[in-house]
Each structure stands twice: as structure tokens, then as C-alpha cells.
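Q: Starting off with a structure, shown below.
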Protein chains: 4
Amino acid sequence: MSRSSEKLGQSSASLGEIPTESNLDPVPMHDVQIEPNWWWKYRQILREPAAEFAGTMLLVIFGTGVNCQAGLSTNTGVASSPKGDWGSVCLGWGAAIALGAWVSGGVSGGHINPAITLAFATWRGFPWKKVPVYIISQLLGGIVGAGIVYSNYFHAIDIVEGGRGVRTLLTAGNFGTIPLDYMTNVSCFFSEFLGTAILVLVLLAVLDSRNGAPPSGLVPLVLFVTFLGITASLGMETSFAINPARDLGPRLLTSMVGYGKAVYTFRHHYWIWCPIMAPILGAQVAAMFYDVFIYQGHESIVNRRGKIGRRLADMV
Amino acid sequence: MSRSSEKLGQSSASLGEIPTESNLDPVPMHDVQIEPNWWWKYRQILREPAAEFAGTMLLVIFGTGVNCQAGLSTNTGVASSPKGDWGSVCLGWGAAIALGAWVSGGVSGGHINPAITLAFATWRGFPWKKVPVYIISQLLGGIVGAGIVYSNYFHAIDIVEGGRGVRTLLTAGNFGTIPLDYMTNVSCFFSEFLGTAILVLVLLAVLDSRNGAPPSGLVPLVLFVTFLGITASLGMETSFAINPARDLGPRLLTSMVGYGKAVYTFRHHYWIWCPIMAPILGAQVAAMFYDVFIYQGHESIVNRRGKIGRRLADMV
Amino acid sequence: MSRSSEKLGQSSASLGEIPTESNLDPVPMHDVQIEPNWWWKYRQILREPAAEFAGTMLLVIFGTGVNCQAGLSTNTGVASSPKGDWGSVCLGWGAAIALGAWVSGGVSGGHINPAITLAFATWRGFPWKKVPVYIISQLLGGIVGAGIVYSNYFHAIDIVEGGRGVRTLLTAGNFGTIPLDYMTNVSCFFSEFLGTAILVLVLLAVLDSRNGAPPSGLVPLVLFVTFLGITASLGMETSFAINPARDLGPRLLTSMVGYGKAVYTFRHHYWIWCPIMAPILGAQVAAMFYDVFIYQGHESIVNRRGKIGRRLADMV
Amino acid sequence: MSRSSEKLGQSSASLGEIPTESNLDPVPMHDVQIEPNWWWKYRQILREPAAEFAGTMLLVIFGTGVNCQAGLSTNTGVASSPKGDWGSVCLGWGAAIALGAWVSGGVSGGHINPAITLAFATWRGFPWKKVPVYIISQLLGGIVGAGIVYSNYFHAIDIVEGGRGVRTLLTAGNFGTIPLDYMTNVSCFFSEFLGTAILVLVLLAVLDSRNGAPPSGLVPLVLFVTFLGITASLGMETSFAINPARDLGPRLLTSMVGYGKAVYTFRHHYWIWCPIMAPILGAQVAAMFYDVFIYQGHESIVNRRGKIGRRLADMV
């Protein structure tokens, strides 16, 4: 996510805004590179979707991977001793988001989360025309990542489920999230809303050169710490989707490989409201809070100069 | 907390001190930005309190959150297997302080702790007139953060307490700290004093450009490591308040939502002496040690030039 | 690994490519240093192999070391309480690769993995003539590292094996990897392929100045996070060799110190296919994916200008 | 430890060596600061010893602190559930060395270890005349740090020992190291030698601007990772002293507060050979390896130009 602030900054350059420091960013120089061969121009189109795809894929591989390893290995048929504890679950999820962001940060902005893409489009001038491609890439990354993890762990899943090809909600929760029994849907919505709001609040602060921004290229380290905390402190109740693509992608995969409709129908279609709607709303509210009370950058819609001053970048 | 050293540095500029390196800090440039709309000037007033509020809120959300998740999930009615171990408690508290500092560091200095605000005011020329607003913001952040965590975990608290709305000291300790039974109050005072003194000693060293200062924006990473250590090494006996707002805020919240007066009256009003007074005193002593023996910056009161030289900044 | 991108960049300088930012890299200046004594010129030859040797040695010391400590200490004859849990296994492996890379990164590029050396030679113009020396150095590092760990833990191995000098596959798996019983060889191949592909994908992204590259000297921190995740999320099934030298070196050592042929012959010579071939192939595929879809640097073979434009550097 | 390389570099400036990059280091500028009051000149003398004292004190507080918390809390009289696991022990020791180095790195070079001070004096021109003051400061820091931890945990020690003031080797091992029963002294020596050699090898590599050096101020982060690994991978057998001051300081403290002579006399005065001599020797050998095979800096004795060229700095 390390370059998204500069990208957003560029779109307001025509307003004569005082530029933020350049962070020695070589992007403009790279943009004028000559094309060495016929493939180059295709890659220029494919780079951003490929980065979002790869980033979300990594997020889901490490995230659902640690769910599977820690969850399945408590069965003594799977492993002689548990290959996970809650500490390793924290580390796995921390690595998941950090590596997803490192793989894509400088190319696509490293959203790897539809809720974040939508919040940036709403509040910070990220181009709406890119939103569909981003979200489709993220969702595909989620499906493929979950498929890779499923391929990696299906032997162990067979053992835990008690037979080859038996698939129930017992192991489905390692992919698409399933909340604890006693949680009401309202409480689940609150929990998902909260986690995403915190993620976006932190992200906006560390992308803000007027706040606690770390050196370029180290924003994923902050996300690592953020997910250590979310997993340790707010992860128990809903298994923290916090990201529609991270939840829907694996859920689609499970429905395709034999888990059936059960992954959608439980709890009155839980999957729509809590892991999809709550993160999107949480991201919006957190971005609003940050921009209204703290953010001074002119690319925020809170900092526009009234009707006439609406920046030209919006019309592009 | 990444900018506080520069802010303090500015106040001594009129003394003709040789300036420290600028760290490419864009703050002065930002300060002259033009106002795009009517809201801008209100935000200029609200930014620092909002940042302290948000930072302390995050600290308390992650901190009391991991207390709740790890503590409550040992009950098999809450979760089929524990969703925390001491390793995850360390990670949760480390994330708590790091994310609190990242969210507020560049705006307010990222104190998120009344003991630190008071130590900076006493020893380093932080303006006393800002102290009340900072402390109130921190305390509000502590209350709101604890309220959010309580809202998130009240179902699980009901299960552990054995009934809807039953609230006892059994779960209160996940919010305001309660020490181990056999600890004397003197020992608790010592433990809280010690933890805060270490925190302030480390903080002053990494904010000191003549000592081990990391790149701007990475001071919260040091705090992450610091709280990993405090939780792992010094956390058992008192549950490490180390911060009056982190303790009093959640304690006020618990007294409001049904825990009653018990959270104040146990151990002869423990809450005043150990989680409030000891951190304030520990921060003062650590700052004195660092400034007397190591610090060379002229904003320290130890480095003033006698009566006449008292800097003008104090009079502002 | 922090300097490898610049080294590769130098080889294309004659093509008039627009240079990437210099990262304040002092390498060229150092290259003209005067020789102070007769030994200097020998060291110039030995530096790169020595760095690869030391880096791989450290990787294997920490990696097989944590396997031994966590695995052996579950025996109450070895330690009164376990001196490891899966969280510490993650931390040990994360430290292993990070410290291996920090020790060698600026000297040899910090490959410490034949699969990575081969991928860089294939896709990024790393000189093929250096490949044999690199791989031999890595393999020697693996043998020596495993020998050091064996020397350190042979008392405990005696206790677990039930007698002095008794050596079986029971403890061999702490050195050369042995997969879980129920895993098919195809699944093991997939798992090793996957882990290495992820490692290389992340590595290429963080060495790419147009993507999420952290400051020079902090790439090993990304590898730390990567191995936290691989250990936590994908480590259970094959014990994640991911590196032919990390697996074959320790395996050779075990065959020499008394474990005999069993470390080779189990599962139809598993050791060749899964820990050696799969990582090499995984690294190639990941590099191809990254260069085809994302990478814009001209040192990639995907970005050459057709037959005539093949760069001179290849002929050197 | 972040500045030690520059300090050493200065001593060879008179030889006309090509200087390494300055890392934007403001030290020289600070050295000419004017004295604001009478205390300033005393602090100039006290700064380095105070930094070594404070750094070693922090190392011992966090290190022996996590030993005490994790070890004592397995007793159900001390805490209702364990307040530590091996993951938290790793984190506590990682924090210990990192915070010790952050507190002292820019002032004294952050040795906080007599073995490192001696290795720098032998191989890199650290002034021998400073060595005694450094080692005394480190030892005092070790004693005071252990005293603080003892004061913090004596209630819990009483419970574990079974009576007020009862002190045996049962809890002494939380302060001065005691190896596992079955380990021979030769194996213990090897283990301590190995750990220190690895620490010094890593340290010299990350202080070497021609190798994997991270940004100034982040060397302690590498030490954090190093001790995560040493604790996880090589910590079981001897409890890893790796540092004469970290072991002898706490051992002296225990002998003073009631543990008696037993902390010295067990195993034929183990305390001299393994925790003191082995680290000193290990540091020397690692420094020799690094300087002979990899290091190119002219301050190393391996890189001097014969008798006549011996640098003047040595005579100062």
C-alpha cells in the first residue's frame, strides 16, 4: 500500500497544492520507460489487476492456511502434536496481510480488500472506473488462494471429517468464516464493523505523511502488527473476515469443492451481512472519522473548496 | 510519537541552538497550507485532541481486547479451545501501544498516556496549557475503547459470569487492572513504577537524535517491542496498567455498565495509588535519570543556562 | 539480499537504461578501495562464497536448531517442561532466514538457497558461471550448520533415541525433512513447490524498486515475516524444506554421523523429488509469473528487445 | 549499537581512507555544542558509562524478568494459569537485547556485553583504555537489573521456594544461568561459545555498510530477531548466558540476597568457564572469521598495511 498516497496526491497536482515530500519516489521516471518488446504494453494493462490478484491470493493462502494447520492438527490423526497455537495463528494472519501488501503495494496500492478500495474511491479520489477491476481481481485471488490451500490440506481434511470427500461445516470454517454459536448476528455485524474500522483508521494514519508514516515500503509492517492485534484481541467471535474478498472467495471455493449450499444458508445467509456488508460500512465510517477530524490532505473530499473547486481529477 | 522531538526542538530555536537534522520533516510546510473550506479551521483545533483520543482508544481496544479474548476463552462455554496464550497476550499488547502511537504520533506526539504527557511537560518543555486537554482526551479514549470492547464481548462475559448481566470482579480485571492476591500494595506500586520508568526511558532514548533513534515513523515499532517485553517479563503481578488513562478509563466504564463500586473499593482504593500515582512518578524519575545522565538537547530543563537563560518558549 | 537488485541493475547499464534510484548505495565507491595488504585480494575472491556459506549455515543452525529444541524437549528426560511451542518454532525459522540474509545480503546477494540462485540466473541475468560456486557454498553451509546443531544437541538426541549412538528416523526429521505419513508424494511435491513459489514471489516484489521495496537492509525483515507465515500456515505437512541446500546439507550430515542410508531410502528416495526438485521448479514458476505480469526492469529476460537487443552483459 | 561503526571509522580518518557514507549522522555536529551550565561537562564524562549501565540493566530486567514470570507462574500458587510459554520467553529475551541496544546504541555503541567490548577492542580498534569502564558499567547494570527483578518477584519466589526467605538453586537459575543436568561442561562451553559467535557474526554484518546494514537506528531490531532465534533454537541447554555481565551480575546479586555460595560452587565453578570464558572466546573467533573472510573496512586489524602503516589512532 506504500504508493497509494502518492498516486492519490498526483491527481490533485493540477490544483496547485503544495506537494508532499517525494519520498524519493521513482514512479514518474519509470512511467516514461521505453517499451522493449510487444508484451510490454499488455503488462501495463495487466499489472494492477495482477498485483491485486497476487496480493489477495497471498493473504488468503497464509490466512486460511494457518486456520487449517492450527485447526486440523489438533486431531491426532493429522499430526502427532498440534502444529499451531493461538500465537502462531496471530503470526500467520499477520504475515498474510503484510505479504499481500508487500507483493502489491507499489503496483496497485495494495488494497487487496474491496472495503478498502471502496473507501478510497469514496473519500480519497481513487478512480471509480478502476473499482470493478480491482474487486474482481481481489475476489479471484481469494478463490484461487483458497483453492491452493484446499489442495494442500485435503488429506488432513479427509481425516478430520472422517472420510474421503466428506465435507461439513466442521472444516468449512477454516475457509469462509463461521461465528461462534452464541453470538447474535447483530453482535457479529458489530465485530466485523469494528475490525475493519480499526484497520482503515490505522492504514489512513500511516499513509498520511503528516502523521506517523513509516519509510516507504514499510507500511506492510504496520499491517503485520495490526493483524497480530486483530487476531489476538478481536478475532475469537467471528474469525475476523474484515474483508469481503477474503471471505467470499474462500466461501465460493468451498461451495464448489463439495461443501455445498450449507456455507451460504446457515444463520439466514450470514455471509452477506456480516463478512461483506459490515466491513464495507466499517471502512467508510473510519475513513470519514479520519478525514473529518485529522486528515489535512487536499485529495480528501472533506477538504475540497466547494462546488467550483471540485478538482479536475474527478472528471478524468 | 515520532514528531514530538522535533516539536520540542522548535521551541528552543530562538536560543540559537544548533538544529538537529531535519529528518526531511514536512511539518513546517504543512502548517502554512491554505484553508480549503470552513471546516478546516475547526479541525486545526480538534486534530491534537482527536489524535490523542483515537490513539488511546486503540490502545485500550487492543489491550483490554486481548485480555478478554485470552481470559474468557479459557471457559469452554465461550470457545471450544482457548483463543489465546501468553504469547498472543504479548502480541496483542504490543500491537495496542504501537497502533495507538502510529495513529497519533505525527499529529499530537502520540503520548496516549497522562504520565508521559506530564513527564514531557515537566522535563522537556511540552506546554502545560495543553496538558488538561491531552489528559481529558486520553481518558475519554480509554472509556470509549473499553466500551467498544465491552460491547464486543458482553455475550462471552455473560457466559463466564454465569448469567445475563451478572458482573463481578471475576471479569472486571480484564478492563481495570486487579493485582494478584498475594501482592502487597507496596510491591504493586513498585511494579507499576518500574514498568512506566522503563517505558519512558526507552521512549526518551529513541526520540533522541543523539542516541538510538530509528527512522521517523518507526518509533511505534520500538514501543511494540517494549510492550512485548513488559507483558512477557513484568506483566504478571499487576497486569501492568503503566498508564493512568488505560486503567481509569476502562475502570470508569466497568463501574457504569454494572460492575458497581467494587472496582474502586477493593484493596483500600488500589486504583488511585498503583495504576495512577505509580506511573506518574515512574515517568518523572525515568525522565530525570535520562536527562541528567545522557540527554544533551537544550529543551531539557537540565540543560538550561540559569535564570536569565530560561527560554522564551516557556512564556508562550 | 539487499544489494542483488543493484548488482543485476549494473549489468544492464550499457544499454542506456534509465537507472533506478541509487538508494545511496556505496558499492561502486568501495570497489575502488586500495589494497592494504597481501590478503586483501584473496578475500575479494572468497567474500561471496564465504557469505553464502555463512548465511546458509546460520539458516540451518537456527532452523534445525528450533526443530531440535522444540521436538526433543517434549521428552521429559530432556527438559522438565517443553522448551518450545509452535509459536517459538515460527520465530526460530523466521530468525533463521532473516539472519542468514542479513549476514550475506550485501556481499553475495543473500541467496542462501540454490533454487533462488537458479531462478535469478534463469530470469534476471545472474551470471551462470557463479552458480556452481554459490550452490557448493550453500551446500557446505548446510552441512556445517547441521553439524554444529548436531554437536549441540547430541546429548538430548541420545536421551530421546533411548541410548548413546542410537539413531533412527525418529530424530532424523529434525535435520533433513520427513513428511507426515498420510501425505502422498504428489501432495508433498505440491506443498514444497507452493512454499518456494511464495517465497520467490515475495522476494522479487520486495527487491523491485517499482513495487513494495523497503529501505535497503530491511529485506531480511520481510523474509522474517515470510517464514513466520510459511511455518505457521504451510509447514505441517512436509516440514517445509523450500531450499535444496537446507534439506540436503543436513541430510548428508545425518547420514555421516550414524543415521545411515535410511535418510535417503524412505519413500522411494523422497529426498530427491520433494525437497530438491520441487523448490527449484517452484522458484522458476514464481519468477516467470512475476516477470511476465508485473516486473518492468530491463534485466528480466521477459523485457529484452528481441534477438539483436540481447544485452551484452549476457556475453560477459 | 548503531553508531559504533562510525565511531570506529573516525579513528582511521587520518589514514586518508575513503570514508563510508555518513548515514546523515549528526554526531560531529553535536560534539561542538556549547555548554549551557556547570553540569554539562560532568555528563560528557558520565554519558557512555551511564548508557552501558542502563542498557545492560534493561537487558537483565527483561531477560531475567521473563525467566521469573514464565518459570514461577507454572506454580499454581503464584498464578491461576501460566503467565508465559516458550513463545513469550522468546519475545521477552528479544525485547531485552533490543531495548538495551536502543537505550545505549547512539551514546556508547550499545555493547552491553563485555565479550563484545573485548572483541571490538581486539579487532576493530575500540580504545582499550575505555574497556575497563565499559565492563564495570555493564556489570553494575547486571547487578542492579537483577536486583530490580528480584525486588519485583520476591513474593512469588517465596511461594515457589515454599517459605519466606528460603532460597535454593530451584529459583536461582532464573538469574544466573544453570545448565540442564545431563549436559557435560564441555557441551555447555560449546553451546555458550556458539551462541555468542552467532550474535557477534550477525552484529558485525549489520554494522558493516558494505553488507546488509539496515538504516541507522534499526540495528536493535536485528538483535531482537537474533535473540528470538537464540532463545528458540539454542536456548534450552545452558539458558544462554552469551554475555558475562548478564550472567555474573545476576549471579552476584543472588549470592548477596540469600542464595549463598551455591550459585558459584555447583559443577566445579561452572560460572567461570561457561558463562564468562566461552562468550569471550566465541566473540573473538566470530570477529576473526568475519574480518578475515568478509570485512573490507580499514579499521580492522586484518586490513592494516604492515608495520609502518599501523594507524596513528592506535597510539592515541
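Order determines the names: the first chain of the C-alpha cells is A, the second B, and so forth; residues in each chain are numbered 1 upward, and ligands are numbered 1 upward as they are shown.
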If we count only C-alpha atoms, what is near Ala262 of chain D at a cut-off of 10 Å, once residues fewer than 6 positions away on the same chain are taken out, given as a list in words?

A: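 The residues satisfying every condition are Thr168, Leu169, Ala172, Thr254, Ser255 and His269 of chain D.
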
Q: At a cut-off of 8 Å, list the chain D residues touching chain B, using only C-alpha atoms, as a JSON list (two decimals) with C-alpha atoms, in the first residue's frame.

A:
```json
[["chain", "number", "residue", "atom", "x", "y", "z"],
["D", 1, "MET", "CA", 24.90, -0.30, 18.60],
["D", 2, "SER", "CA", 24.03, 1.83, 15.67],
["D", 24, "LEU", "CA", 23.40, 11.55, 7.92],
["D", 26, "PRO", "CA", 24.88, 14.30, 13.37],
["D", 27, "VAL", "CA", 27.40, 13.20, 15.97],
["D", 30, "HIS", "CA", 26.71, 17.66, 18.46],
["D", 33, "GLN", "CA", 27.69, 22.11, 21.29],
["D", 36, "PRO", "CA", 24.76, 25.56, 28.95],
["D", 37, "ASN", "CA", 25.66, 25.05, 32.61],
["D", 40, "TRP", "CA", 27.20, 19.64, 31.13],
["D", 43, "ARG", "CA", 27.62, 14.48, 31.85],
["D", 46, "LEU", "CA", 29.26, 10.08, 32.51],
["D", 47, "ARG", "CA", 27.26, 9.55, 29.32],
["D", 50, "ALA", "CA", 25.58, 5.60, 32.05],
["D", 51, "ALA", "CA", 24.40, 4.30, 28.69],
["D", 58, "LEU", "CA", 17.37, -3.19, 30.74],
["D", 61, "ILE", "CA", 15.46, -6.67, 33.69],
["D", 62, "PHE", "CA", 13.62, -8.04, 30.69],
["D", 63, "GLY", "CA", 15.68, -11.21, 30.41],
["D", 64, "THR", "CA", 15.66, -12.39, 33.99],
["D", 65, "GLY", "CA", 12.17, -10.91, 34.27],
["D", 66, "VAL", "CA", 10.74, -13.25, 31.65],
["D", 67, "ASN", "CA", 12.63, -16.14, 33.22],
["D", 68, "CYS", "CA", 10.94, -15.35, 36.53],
["D", 69, "GLN", "CA", 7.46, -14.71, 35.15],
["D", 70, "ALA", "CA", 7.36, -17.78, 32.90],
["D", 79, "ALA", "CA", -0.79, -17.52, 39.29],
["D", 82, "PRO", "CA", 0.76, -19.83, 33.49],
["D", 83, "LYS", "CA", 1.79, -16.32, 32.54],
["D", 84, "GLY", "CA", 4.31, -17.45, 29.99],
["D", 85, "ASP", "CA", 5.06, -20.05, 27.35],
["D", 87, "GLY", "CA", 6.88, -18.12, 22.73],
["D", 88, "SER", "CA", 6.70, -15.39, 25.36],
["D", 89, "VAL", "CA", 10.17, -16.30, 26.63],
["D", 91, "LEU", "CA", 9.70, -12.37, 22.92],
["D", 92, "GLY", "CA", 10.93, -11.29, 26.34],
["D", 93, "TRP", "CA", 14.57, -12.02, 25.55],
["D", 94, "GLY", "CA", 14.26, -10.45, 22.12],
["D", 95, "ALA", "CA", 12.89, -7.31, 23.72],
["D", 96, "ALA", "CA", 15.64, -7.44, 26.34],
["D", 98, "ALA", "CA", 16.76, -4.80, 21.55],
["D", 99, "LEU", "CA", 15.75, -2.31, 24.23],
["D", 101, "ALA", "CA", 20.70, -1.57, 22.50],
["D", 102, "TRP", "CA", 18.16, 1.14, 21.71],
["D", 103, "VAL", "CA", 18.76, 2.86, 25.02],
["D", 104, "SER", "CA", 22.53, 2.97, 24.59],
["D", 105, "GLY", "CA", 23.30, 2.49, 20.88],
["D", 106, "GLY", "CA", 23.96, 6.06, 19.86],
["D", 107, "VAL", "CA", 25.80, 7.05, 23.01],
["D", 152, "ASN", "CA", 9.70, -7.30, 41.84],
["D", 155, "HIS", "CA", 6.77, -12.67, 46.80],
["D", 215, "PRO", "CA", 19.01, 2.08, 8.37],
["D", 216, "SER", "CA", 20.70, 3.72, 11.34],
["D", 217, "GLY", "CA", 18.70, 3.15, 14.48],
["D", 218, "LEU", "CA", 17.30, -0.22, 13.40]]
```

Q: Find the residue from B:Gly163, B:Phe126, B:Gln138, B:Arg267 that sits nearest to Glu299 of chain B; use only C-alpha atoms when measuring.

A: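 Nearest candidate to Glu299 of chain B out of B:Gly163, B:Phe126, B:Gln138, B:Arg267: B:Phe126.
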
Q: I want to know what sits within 9 Å of Leu253 of chain D, based on only C-alpha atoms, with residues of the same chain fewer than 2 positions away left out; could you give that as a PyMOL selection string?

A: chain D and resi 142-144+146-147+150+175-176+248-251+255-259

Q: Output C-alpha atoms of each residue in that selection to a file, as a CSV table (one decimal), in the first residue's frame.

A:
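This is the output file out00.csv:
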```csv
chain,number,residue,atom,x,y,z
D,142,GLY,CA,23.6,-6.5,35.5
D,143,ILE,CA,23.6,-6.4,39.3
D,144,VAL,CA,21.1,-3.5,39.5
D,146,ALA,CA,18.8,-8.4,38.7
D,147,GLY,CA,18.1,-6.6,42.0
D,150,TYR,CA,14.3,-9.8,42.4
D,175,PHE,CA,19.0,-15.1,37.4
D,176,GLY,CA,22.5,-16.7,36.9
D,248,LEU,CA,27.8,-12.7,36.6
D,249,GLY,CA,25.8,-9.6,37.5
D,250,PRO,CA,22.6,-11.5,38.4
D,251,ARG,CA,24.7,-14.3,40.0
D,255,SER,CA,24.7,-14.6,46.3
D,256,MET,CA,24.0,-11.3,48.1
D,257,VAL,CA,20.3,-11.7,48.8
D,258,GLY,CA,20.4,-15.2,50.3
D,259,TYR,CA,21.2,-17.8,47.8
```

Q: Excluding Thr171 of chain C and residues on its chain fewer than 4 positions from it, collect all residues at most 8 Å away from it, counting only C-alpha atoms, and give them as a list in words.

A: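 Final neighbour list, sorted by chain and number: Ile157, Val160, Glu161, Arg167 and Phe175 of chain C.
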
Q: Quick check, in Å to one decimal: how far apart do atom CA of Ala156 of chain A and atom CA of Ser73 of chain A lie?

A: 8.1 Å
